[in-house]
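Trainee: Input structure: run39.cif, which contains mmCIF, C-alpha atoms, pLDDT in the B column; chains and numbers go by the auth columns.
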```
data_input
loop_
_atom_site.group_PDB
_atom_site.id
_atom_site.type_symbol
_atom_site.label_atom_id
_atom_site.label_comp_id
_atom_site.label_asym_id
_atom_site.label_seq_id
_atom_site.Cartn_x
_atom_site.Cartn_y
_atom_site.Cartn_z
_atom_site.B_iso_or_equiv
_atom_site.auth_seq_id
_atom_site.auth_asym_id
ATOM 1 C CA MET A 1 0.000 0.000 0.000 90.00 1 A
ATOM 2 C CA ILE A 2 1.310 3.443 -0.947 96.00 2 A
ATOM 3 C CA ARG A 3 0.425 6.175 1.539 97.00 3 A
ATOM 4 C CA ALA A 4 2.782 8.976 0.406 98.00 4 A
ATOM 5 C CA VAL A 5 4.351 10.126 -2.851 98.00 5 A
ATOM 6 C CA ILE A 6 7.297 12.532 -2.740 98.00 6 A
ATOM 7 C CA PHE A 7 8.304 14.440 -5.854 98.00 7 A
ATOM 8 C CA ASP A 8 11.607 15.846 -7.033 97.00 8 A
ATOM 9 C CA VAL A 9 11.300 19.328 -8.576 97.00 9 A
ATOM 10 C CA GLY A 10 13.520 20.035 -11.601 94.00 10 A
ATOM 11 C CA GLU A 11 12.467 18.003 -14.669 96.00 11 A
ATOM 12 C CA THR A 12 9.857 16.232 -12.545 97.00 12 A
ATOM 13 C CA ILE A 13 7.491 19.032 -11.528 97.00 13 A
ATOM 14 C CA THR A 14 9.047 21.926 -13.446 97.00 14 A
ATOM 15 C CA ARG A 15 10.814 22.332 -16.769 95.00 15 A
ATOM 16 C CA ASP A 16 14.400 23.552 -16.548 93.00 16 A
ATOM 17 C CA ASP A 17 14.203 25.551 -19.804 93.00 17 A
ATOM 18 C CA ARG A 18 13.824 28.936 -18.114 93.00 18 A
ATOM 19 C CA TYR A 19 16.481 28.125 -15.500 93.00 19 A
ATOM 20 C CA TRP A 20 19.244 27.430 -18.021 95.00 20 A
ATOM 21 C CA ALA A 21 18.135 30.140 -20.460 95.00 21 A
ATOM 22 C CA SER A 22 18.322 32.743 -17.707 96.00 22 A
ATOM 23 C CA TRP A 23 21.820 31.631 -16.761 96.00 23 A
ATOM 24 C CA ALA A 24 22.948 31.811 -20.397 97.00 24 A
ATOM 25 C CA ASP A 25 21.544 35.319 -20.712 97.00 25 A
ATOM 26 C CA TRP A 26 23.202 36.396 -17.459 97.00 26 A
ATOM 27 C CA LEU A 27 26.580 35.019 -18.539 96.00 27 A
ATOM 28 C CA ASP A 28 26.086 36.507 -22.023 96.00 28 A
ATOM 29 C CA ILE A 29 26.611 33.256 -23.884 96.00 29 A
ATOM 30 C CA PRO A 30 24.314 31.650 -26.482 97.00 30 A
ATOM 31 C CA ARG A 31 21.556 29.571 -24.944 97.00 31 A
ATOM 32 C CA HIS A 32 22.411 26.707 -27.262 96.00 32 A
ATOM 33 C CA THR A 33 25.996 26.688 -25.970 97.00 33 A
ATOM 34 C CA LEU A 34 24.950 26.313 -22.355 96.00 34 A
ATOM 35 C CA SER A 35 22.310 23.746 -23.295 94.00 35 A
ATOM 36 C CA ALA A 36 24.967 21.688 -25.066 95.00 36 A
ATOM 37 C CA LEU A 37 27.250 21.921 -22.039 96.00 37 A
ATOM 38 C CA VAL A 38 24.430 20.713 -19.802 93.00 38 A
ATOM 39 C CA GLY A 39 24.012 17.738 -22.115 91.00 39 A
ATOM 40 C CA ALA A 40 27.732 17.027 -21.970 93.00 40 A
ATOM 41 C CA VAL A 41 27.922 16.958 -18.175 91.00 41 A
ATOM 42 C CA VAL A 42 24.752 14.859 -17.987 87.00 42 A
ATOM 43 C CA ALA A 43 26.302 12.313 -20.357 87.00 43 A
ATOM 44 C CA GLN A 44 29.376 12.191 -18.123 89.00 44 A
ATOM 45 C CA GLY A 45 27.291 11.732 -14.975 83.00 45 A
ATOM 46 C CA ARG A 46 28.506 15.042 -13.530 88.00 46 A
ATOM 47 C CA ASP A 47 26.763 17.743 -11.533 86.00 47 A
ATOM 48 C CA ASN A 48 24.557 19.962 -13.712 88.00 48 A
ATOM 49 C CA ALA A 49 26.269 23.034 -12.260 92.00 49 A
ATOM 50 C CA ASP A 50 29.490 21.923 -13.946 95.00 50 A
ATOM 51 C CA ALA A 51 27.975 23.318 -17.149 96.00 51 A
ATOM 52 C CA LEU A 52 28.288 26.797 -15.638 97.00 52 A
ATOM 53 C CA ARG A 53 31.852 26.068 -14.546 97.00 53 A
ATOM 54 C CA LEU A 54 32.754 24.996 -18.077 96.00 54 A
ATOM 55 C CA ALA A 55 31.155 28.118 -19.528 96.00 55 A
ATOM 56 C CA ARG A 56 32.918 30.395 -17.041 96.00 56 A
ATOM 57 C CA PRO A 57 35.982 28.742 -15.461 96.00 57 A
ATOM 58 C CA GLY A 58 36.454 29.932 -11.899 96.00 58 A
ATOM 59 C CA ILE A 59 32.866 31.134 -11.552 97.00 59 A
ATOM 60 C CA ASP A 60 31.539 31.625 -8.025 97.00 60 A
ATOM 61 C CA ILE A 61 28.027 30.327 -8.630 95.00 61 A
ATOM 62 C CA ALA A 62 26.654 31.455 -5.267 93.00 62 A
ATOM 63 C CA ALA A 63 27.993 34.983 -5.778 97.00 63 A
ATOM 64 C CA GLU A 64 26.580 35.140 -9.306 96.00 64 A
ATOM 65 C CA TYR A 65 23.222 33.921 -8.020 93.00 65 A
ATOM 66 C CA ARG A 66 23.149 36.754 -5.466 94.00 66 A
ATOM 67 C CA ALA A 67 24.142 39.255 -8.163 96.00 67 A
ATOM 68 C CA ARG A 68 21.299 38.067 -10.380 95.00 68 A
ATOM 69 C CA GLU A 69 18.795 38.459 -7.566 93.00 69 A
ATOM 70 C CA ALA A 70 20.097 41.940 -6.756 95.00 70 A
ATOM 71 C CA ALA A 71 19.781 42.921 -10.424 96.00 71 A
ATOM 72 C CA GLY A 72 16.169 41.733 -10.568 94.00 72 A
ATOM 73 C CA ARG A 73 17.097 38.842 -12.844 94.00 73 A
ATOM 74 C CA GLY A 74 16.800 36.058 -10.306 91.00 74 A
ATOM 75 C CA GLU A 75 14.682 32.941 -10.142 92.00 75 A
ATOM 76 C CA HIS A 76 11.188 32.949 -11.570 93.00 76 A
ATOM 77 C CA LEU A 77 8.511 30.279 -11.807 95.00 77 A
ATOM 78 C CA ASP A 78 4.987 30.479 -13.134 95.00 78 A
ATOM 79 C CA GLU A 79 2.343 28.125 -14.490 96.00 79 A
ATOM 80 C CA SER A 80 4.145 27.795 -17.815 96.00 80 A
ATOM 81 C CA ASP A 81 7.093 26.146 -16.055 97.00 81 A
ATOM 82 C CA LEU A 82 4.985 23.199 -14.880 98.00 82 A
ATOM 83 C CA TYR A 83 4.722 20.016 -16.888 97.00 83 A
ATOM 84 C CA GLU A 84 1.181 19.443 -18.109 97.00 84 A
ATOM 85 C CA ASP A 85 0.636 16.290 -16.069 97.00 85 A
ATOM 86 C CA VAL A 86 1.557 17.860 -12.723 98.00 86 A
ATOM 87 C CA ARG A 87 -1.753 19.325 -11.560 98.00 87 A
ATOM 88 C CA PRO A 88 -3.947 16.431 -12.752 98.00 88 A
ATOM 89 C CA ALA A 89 -1.634 13.768 -11.292 97.00 89 A
ATOM 90 C CA LEU A 90 -1.201 15.460 -7.911 98.00 90 A
ATOM 91 C CA THR A 91 -4.909 16.211 -7.693 97.00 91 A
ATOM 92 C CA GLU A 92 -5.819 12.583 -8.379 97.00 92 A
ATOM 93 C CA LEU A 93 -3.274 11.294 -5.865 97.00 93 A
ATOM 94 C CA GLN A 94 -4.779 13.496 -3.185 97.00 94 A
ATOM 95 C CA ARG A 95 -8.253 12.305 -4.154 96.00 95 A
ATOM 96 C CA LEU A 96 -7.023 8.752 -3.614 95.00 96 A
ATOM 97 C CA GLY A 97 -6.015 9.706 -0.074 96.00 97 A
ATOM 98 C CA VAL A 98 -2.266 9.796 -0.682 97.00 98 A
ATOM 99 C CA ARG A 99 -0.062 12.378 1.050 98.00 99 A
ATOM 100 C CA VAL A 100 1.639 14.460 -1.662 98.00 100 A
ATOM 101 C CA VAL A 101 4.953 16.179 -0.912 98.00 101 A
ATOM 102 C CA ILE A 102 7.274 18.109 -3.224 98.00 102 A
ATOM 103 C CA ALA A 103 10.880 18.007 -1.983 98.00 103 A
ATOM 104 C CA GLY A 104 13.861 18.612 -4.241 95.00 104 A
ATOM 105 C CA ASN A 105 17.266 20.219 -4.576 93.00 105 A
ATOM 106 C CA GLN A 106 16.191 23.821 -4.951 93.00 106 A
ATOM 107 C CA THR A 107 16.837 27.153 -3.270 93.00 107 A
ATOM 108 C CA ALA A 108 14.667 28.634 -0.547 94.00 108 A
ATOM 109 C CA ARG A 109 13.480 31.179 -3.114 93.00 109 A
ATOM 110 C CA ALA A 110 12.332 28.360 -5.396 95.00 110 A
ATOM 111 C CA GLY A 111 10.346 26.965 -2.471 96.00 111 A
ATOM 112 C CA GLU A 112 8.540 30.294 -2.114 96.00 112 A
ATOM 113 C CA LEU A 113 7.812 30.426 -5.837 96.00 113 A
ATOM 114 C CA LEU A 114 6.490 26.865 -5.899 97.00 114 A
ATOM 115 C CA ARG A 115 4.182 27.468 -2.941 97.00 115 A
ATOM 116 C CA ALA A 116 2.867 30.595 -4.654 97.00 116 A
ATOM 117 C CA LEU A 117 1.612 28.354 -7.487 97.00 117 A
ATOM 118 C CA ASP A 118 -0.824 26.742 -5.026 97.00 118 A
ATOM 119 C CA LEU A 119 -0.105 23.224 -6.222 98.00 119 A
ATOM 120 C CA PRO A 120 -2.269 20.308 -5.037 98.00 120 A
ATOM 121 C CA ALA A 121 0.328 19.179 -2.480 98.00 121 A
ATOM 122 C CA ASP A 122 0.320 18.765 1.276 98.00 122 A
ATOM 123 C CA LEU A 123 3.834 20.171 1.613 98.00 123 A
ATOM 124 C CA VAL A 124 6.384 21.927 -0.604 98.00 124 A
ATOM 125 C CA VAL A 125 9.933 22.133 0.744 98.00 125 A
ATOM 126 C CA THR A 126 13.417 22.490 -0.713 97.00 126 A
ATOM 127 C CA SER A 127 16.960 21.527 0.160 96.00 127 A
ATOM 128 C CA GLY A 128 17.752 25.219 0.611 95.00 128 A
ATOM 129 C CA GLU A 129 15.143 25.404 3.361 97.00 129 A
ATOM 130 C CA TRP A 130 16.270 22.179 5.007 97.00 130 A
ATOM 131 C CA GLY A 131 19.974 22.990 4.785 96.00 131 A
ATOM 132 C CA VAL A 132 20.721 19.538 3.340 96.00 132 A
ATOM 133 C CA ALA A 133 20.723 18.410 -0.272 94.00 133 A
ATOM 134 C CA LYS A 134 20.391 15.221 -2.276 94.00 134 A
ATOM 135 C CA PRO A 135 21.931 12.729 -2.438 94.00 135 A
ATOM 136 C CA SER A 136 22.794 13.002 1.263 96.00 136 A
ATOM 137 C CA GLU A 137 21.306 10.509 3.716 97.00 137 A
ATOM 138 C CA GLU A 138 20.079 13.412 5.853 97.00 138 A
ATOM 139 C CA PHE A 139 17.937 14.737 3.013 97.00 139 A
ATOM 140 C CA PHE A 140 16.142 11.419 2.740 98.00 140 A
ATOM 141 C CA ARG A 141 15.771 11.164 6.517 97.00 141 A
ATOM 142 C CA GLN A 142 13.944 14.475 6.265 97.00 142 A
ATOM 143 C CA VAL A 143 11.843 13.063 3.419 97.00 143 A
ATOM 144 C CA ILE A 144 10.833 10.077 5.546 97.00 144 A
ATOM 145 C CA ASP A 145 9.935 12.401 8.404 97.00 145 A
ATOM 146 C CA VAL A 146 7.621 14.625 6.337 97.00 146 A
ATOM 147 C CA ALA A 147 6.085 11.681 4.475 97.00 147 A
ATOM 148 C CA ASP A 148 4.202 10.642 7.635 96.00 148 A
ATOM 149 C CA ALA A 149 4.352 7.073 6.346 97.00 149 A
ATOM 150 C CA ALA A 150 6.694 4.122 6.575 97.00 150 A
ATOM 151 C CA PRO A 151 9.487 4.109 3.963 97.00 151 A
ATOM 152 C CA ALA A 152 8.016 0.983 2.354 96.00 152 A
ATOM 153 C CA GLU A 153 4.722 2.875 1.955 97.00 153 A
ATOM 154 C CA THR A 154 6.402 5.915 0.390 98.00 154 A
ATOM 155 C CA VAL A 155 7.442 6.453 -3.232 98.00 155 A
ATOM 156 C CA TYR A 156 10.099 8.994 -4.214 98.00 156 A
ATOM 157 C CA VAL A 157 9.688 10.157 -7.819 98.00 157 A
ATOM 158 C CA GLY A 158 12.501 11.732 -9.815 97.00 158 A
ATOM 159 C CA ASP A 159 14.464 11.806 -13.057 96.00 159 A
ATOM 160 C CA HIS A 160 18.010 11.642 -11.676 93.00 160 A
ATOM 161 C CA PRO A 161 19.507 8.218 -10.885 93.00 161 A
ATOM 162 C CA ALA A 162 22.285 9.425 -8.574 92.00 162 A
ATOM 163 C CA ASN A 163 20.240 12.093 -6.774 94.00 163 A
ATOM 164 C CA ASP A 164 16.832 10.427 -6.714 96.00 164 A
ATOM 165 C CA VAL A 165 16.606 6.709 -7.389 97.00 165 A
ATOM 166 C CA MET A 166 19.750 5.338 -5.735 96.00 166 A
ATOM 167 C CA PRO A 167 19.791 7.343 -2.472 97.00 167 A
ATOM 168 C CA ALA A 168 16.027 7.046 -2.014 98.00 168 A
ATOM 169 C CA ALA A 169 16.224 3.277 -2.426 98.00 169 A
ATOM 170 C CA ALA A 170 19.173 3.143 -0.019 97.00 170 A
ATOM 171 C CA ALA A 171 17.010 4.951 2.536 97.00 171 A
ATOM 172 C CA GLY A 172 14.368 2.233 2.224 97.00 172 A
ATOM 173 C CA LEU A 173 11.930 4.202 0.083 98.00 173 A
ATOM 174 C CA ARG A 174 10.246 2.810 -2.976 98.00 174 A
ATOM 175 C CA THR A 175 11.238 4.633 -6.143 98.00 175 A
ATOM 176 C CA ALA A 176 9.807 5.651 -9.505 98.00 176 A
ATOM 177 C CA HIS A 177 12.264 6.792 -12.151 98.00 177 A
ATOM 178 C CA LEU A 178 10.720 9.361 -14.495 98.00 178 A
ATOM 179 C CA ARG A 179 11.855 9.347 -18.107 97.00 179 A
ATOM 180 C CA ARG A 180 11.841 13.123 -18.447 95.00 180 A
ATOM 181 C CA GLY A 181 14.514 15.741 -19.054 92.00 181 A
ATOM 182 C CA PRO A 182 18.154 15.043 -19.995 91.00 182 A
ATOM 183 C CA TRP A 183 18.936 12.806 -17.022 90.00 183 A
ATOM 184 C CA GLY A 184 15.683 10.899 -17.224 94.00 184 A
ATOM 185 C CA HIS A 185 16.021 10.101 -20.916 93.00 185 A
ATOM 186 C CA LEU A 186 19.744 9.402 -21.047 90.00 186 A
ATOM 187 C CA TRP A 187 19.859 7.089 -18.030 89.00 187 A
ATOM 188 C CA ALA A 188 16.456 5.395 -18.353 92.00 188 A
ATOM 189 C CA GLY A 189 17.950 2.152 -19.633 92.00 189 A
ATOM 190 C CA ASP A 190 20.999 2.109 -17.378 92.00 190 A
ATOM 191 C CA PRO A 191 21.276 -1.305 -15.676 95.00 191 A
ATOM 192 C CA SER A 192 21.532 0.277 -12.219 93.00 192 A
ATOM 193 C CA VAL A 193 18.283 2.177 -12.762 94.00 193 A
ATOM 194 C CA VAL A 194 16.526 -0.865 -14.181 95.00 194 A
ATOM 195 C CA ALA A 195 17.659 -2.985 -11.225 96.00 195 A
ATOM 196 C CA THR A 196 16.910 -0.390 -8.526 97.00 196 A
ATOM 197 C CA ALA A 197 13.761 1.513 -9.446 97.00 197 A
ATOM 198 C CA ASN A 198 10.499 -0.149 -8.434 97.00 198 A
ATOM 199 C CA TRP A 199 8.803 1.545 -11.376 97.00 199 A
ATOM 200 C CA ARG A 200 9.947 3.342 -14.511 97.00 200 A
ATOM 201 C CA ILE A 201 7.380 5.827 -15.789 97.00 201 A
ATOM 202 C CA ASP A 202 6.914 8.271 -18.660 97.00 202 A
ATOM 203 C CA SER A 203 4.156 10.359 -17.057 97.00 203 A
ATOM 204 C CA LEU A 204 3.185 11.324 -13.528 98.00 204 A
ATOM 205 C CA MET A 205 -0.322 10.101 -14.306 97.00 205 A
ATOM 206 C CA GLU A 206 1.029 6.547 -14.203 97.00 206 A
ATOM 207 C CA LEU A 207 1.440 6.984 -10.451 97.00 207 A
ATOM 208 C CA THR A 208 -2.324 6.963 -9.979 95.00 208 A
ATOM 209 C CA ASP A 209 -2.465 3.396 -11.293 93.00 209 A
ATOM 210 C CA ILE A 210 0.489 2.380 -9.123 93.00 210 A
ATOM 211 C CA VAL A 211 -1.157 3.799 -6.008 91.00 211 A
ATOM 212 C CA GLY A 212 -4.534 2.323 -6.918 76.00 212 A
ATOM 213 C CA ARG A 213 -3.260 -1.269 -7.137 72.00 213 A
#
```
Kindly transcribe the structure held in the file into structure tokens.
Mentor:
Amino acid sequence: MIRAVIFDVGETITRDDRYWASWADWLDIPRHTLSALVGAVVAQGRDNADALRLARPGIDIAAEYRAREAAGRGEHLDESDLYEDVRPALTELQRLGVRVVIAGNQTARAGELLRALDLPADLVVTSGEWGVAKPSEEFFRQVIDVADAAPAETVYVGDHPANDVMPAAAAGLRTAHLRRGPWGHLWAGDPSVVATANWRIDSLMELTDIVGR
């Protein structure tokens, strides 16, 4: 029985198009160039932020983030950033009596922006608000705490094998790997993902059937 479903954010709930485009504009490089660099680091299994480090060697990402915010060119999220299946899937999960939580590696500001969208979720929280980030064990201990359900009754949903599927499974959670975004598509057939994920899905709506079994 599944009593709680916990969702990653980037490329699970929200598209990352605006995120990377805004960084490219801030760094004054072509959007295609940064997009290609993101693809390169994904293919190598590296941190997404390494794309920024390749574009601007020596960059202080935290300092640049603060400068963007100060210049009024910081983070932004609106309805257009959501994948189309998000609201219907989360709404149906809640109707089925499942606790719905959104918890991903995002800034505290992103948490504020997500909550402002009034999503059908019982809780929206980010790593920036918790002070711990995936794939750390502490992040998933926090996930288990807010799930209000046993790990075996909780599903963590995400696109990233190393940040989502593997550490969530190691924490005792059930996992659904989402074939979405660069990570989700590139690593969908990886043997470690196939062996570890309880489910591999192409749409969040598939979760309603999983929960309803």
Trainee: Using only C-alpha atoms, pick whichever of A:Ala162, A:Ala71, A:Ile2, A:Ala171 has the shortest atom-to-atom distance to A:Arg46.
Mentor: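 When distances to A:Arg46 are compared using only C-alpha atoms, the smallest one comes from A:Ala162.
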Trainee: Just so the selection is clear, what residues does the PyMOL selection byres ((chain A and resi 169) around 12) cover here, as a ChimeraX atom specification?
Mentor: /A:135,137,140-141,144,151-152,154-158,161-168,170-177,192-193,195-199
Trainee: Those same residues - C-alpha atoms - I'd like them written as a PDB file, in the frame of the given file.
Mentor:
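Contents of result-v1.pdb, as written:
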```
ATOM      1  CA  PRO A 135      21.931  12.729  -2.438  1.00 94.00           C
ATOM      2  CA  GLU A 137      21.306  10.509   3.716  1.00 97.00           C
ATOM      3  CA  PHE A 140      16.142  11.419   2.740  1.00 98.00           C
ATOM      4  CA  ARG A 141      15.771  11.164   6.517  1.00 97.00           C
ATOM      5  CA  ILE A 144      10.833  10.077   5.546  1.00 97.00           C
ATOM      6  CA  PRO A 151       9.487   4.109   3.963  1.00 97.00           C
ATOM      7  CA  ALA A 152       8.016   0.983   2.354  1.00 96.00           C
ATOM      8  CA  THR A 154       6.402   5.915   0.390  1.00 98.00           C
ATOM      9  CA  VAL A 155       7.442   6.453  -3.232  1.00 98.00           C
ATOM     10  CA  TYR A 156      10.099   8.994  -4.214  1.00 98.00           C
ATOM     11  CA  VAL A 157       9.688  10.157  -7.819  1.00 98.00           C
ATOM     12  CA  GLY A 158      12.501  11.732  -9.815  1.00 97.00           C
ATOM     13  CA  PRO A 161      19.507   8.218 -10.885  1.00 93.00           C
ATOM     14  CA  ALA A 162      22.285   9.425  -8.574  1.00 92.00           C
ATOM     15  CA  ASN A 163      20.240  12.093  -6.774  1.00 94.00           C
ATOM     16  CA  ASP A 164      16.832  10.427  -6.714  1.00 96.00           C
ATOM     17  CA  VAL A 165      16.606   6.709  -7.389  1.00 97.00           C
ATOM     18  CA  MET A 166      19.750   5.338  -5.735  1.00 96.00           C
ATOM     19  CA  PRO A 167      19.791   7.343  -2.472  1.00 97.00           C
ATOM     20  CA  ALA A 168      16.027   7.046  -2.014  1.00 98.00           C
ATOM     21  CA  ALA A 170      19.173   3.143  -0.019  1.00 97.00           C
ATOM     22  CA  ALA A 171      17.010   4.951   2.536  1.00 97.00           C
ATOM     23  CA  GLY A 172      14.368   2.233   2.224  1.00 97.00           C
ATOM     24  CA  LEU A 173      11.930   4.202   0.083  1.00 98.00           C
ATOM     25  CA  ARG A 174      10.246   2.810  -2.976  1.00 98.00           C
ATOM     26  CA  THR A 175      11.238   4.633  -6.143  1.00 98.00           C
ATOM     27  CA  ALA A 176       9.807   5.651  -9.505  1.00 98.00           C
ATOM     28  CA  HIS A 177      12.264   6.792 -12.151  1.00 98.00           C
ATOM     29  CA  SER A 192      21.532   0.277 -12.219  1.00 93.00           C
ATOM     30  CA  VAL A 193      18.283   2.177 -12.762  1.00 94.00           C
ATOM     31  CA  ALA A 195      17.659  -2.985 -11.225  1.00 96.00           C
ATOM     32  CA  THR A 196      16.910  -0.390  -8.526  1.00 97.00           C
ATOM     33  CA  ALA A 197      13.761   1.513  -9.446  1.00 97.00           C
ATOM     34  CA  ASN A 198      10.499  -0.149  -8.434  1.00 97.00           C
ATOM     35  CA  TRP A 199       8.803   1.545 -11.376  1.00 97.00           C
TER      36      TRP A 199
END
```
Trainee: Residues near stretch 53-67 of chain A, anyone? I mean within 9 Å using all atoms listed in the file, not counting same-chain ones fewer than 5 positions away, as a PyMOL selection string.
Mentor: chain A and resi 26-27+29+33-34+37+72-75
Trainee: Name the closest residue to A:Ile102 among the candidates A:Ala24, A:Ile6, A:Ile210, A:Ala133; distances are taken between atoms, counting only C-alpha atoms.
Mentor: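 When distances to A:Ile102 are compared using only C-alpha atoms, the smallest one comes from A:Ile6.
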Trainee: Give me, please, the distance in Å between atom CA of A:Val38 and atom CA of A:Ala51, quoted to one decimal.
Mentor: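 Spanning atom CA of A:Val38 to atom CA of A:Ala51 is a straight-line distance of 5.1 Å.
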Trainee: Using atom CA of A:Gln106 and atom CA of A:Ile201 as the two end points, give the distance in Å to one decimal.
Mentor: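 Between atom CA of A:Gln106 and atom CA of A:Ile201 the gap is 22.8 Å.
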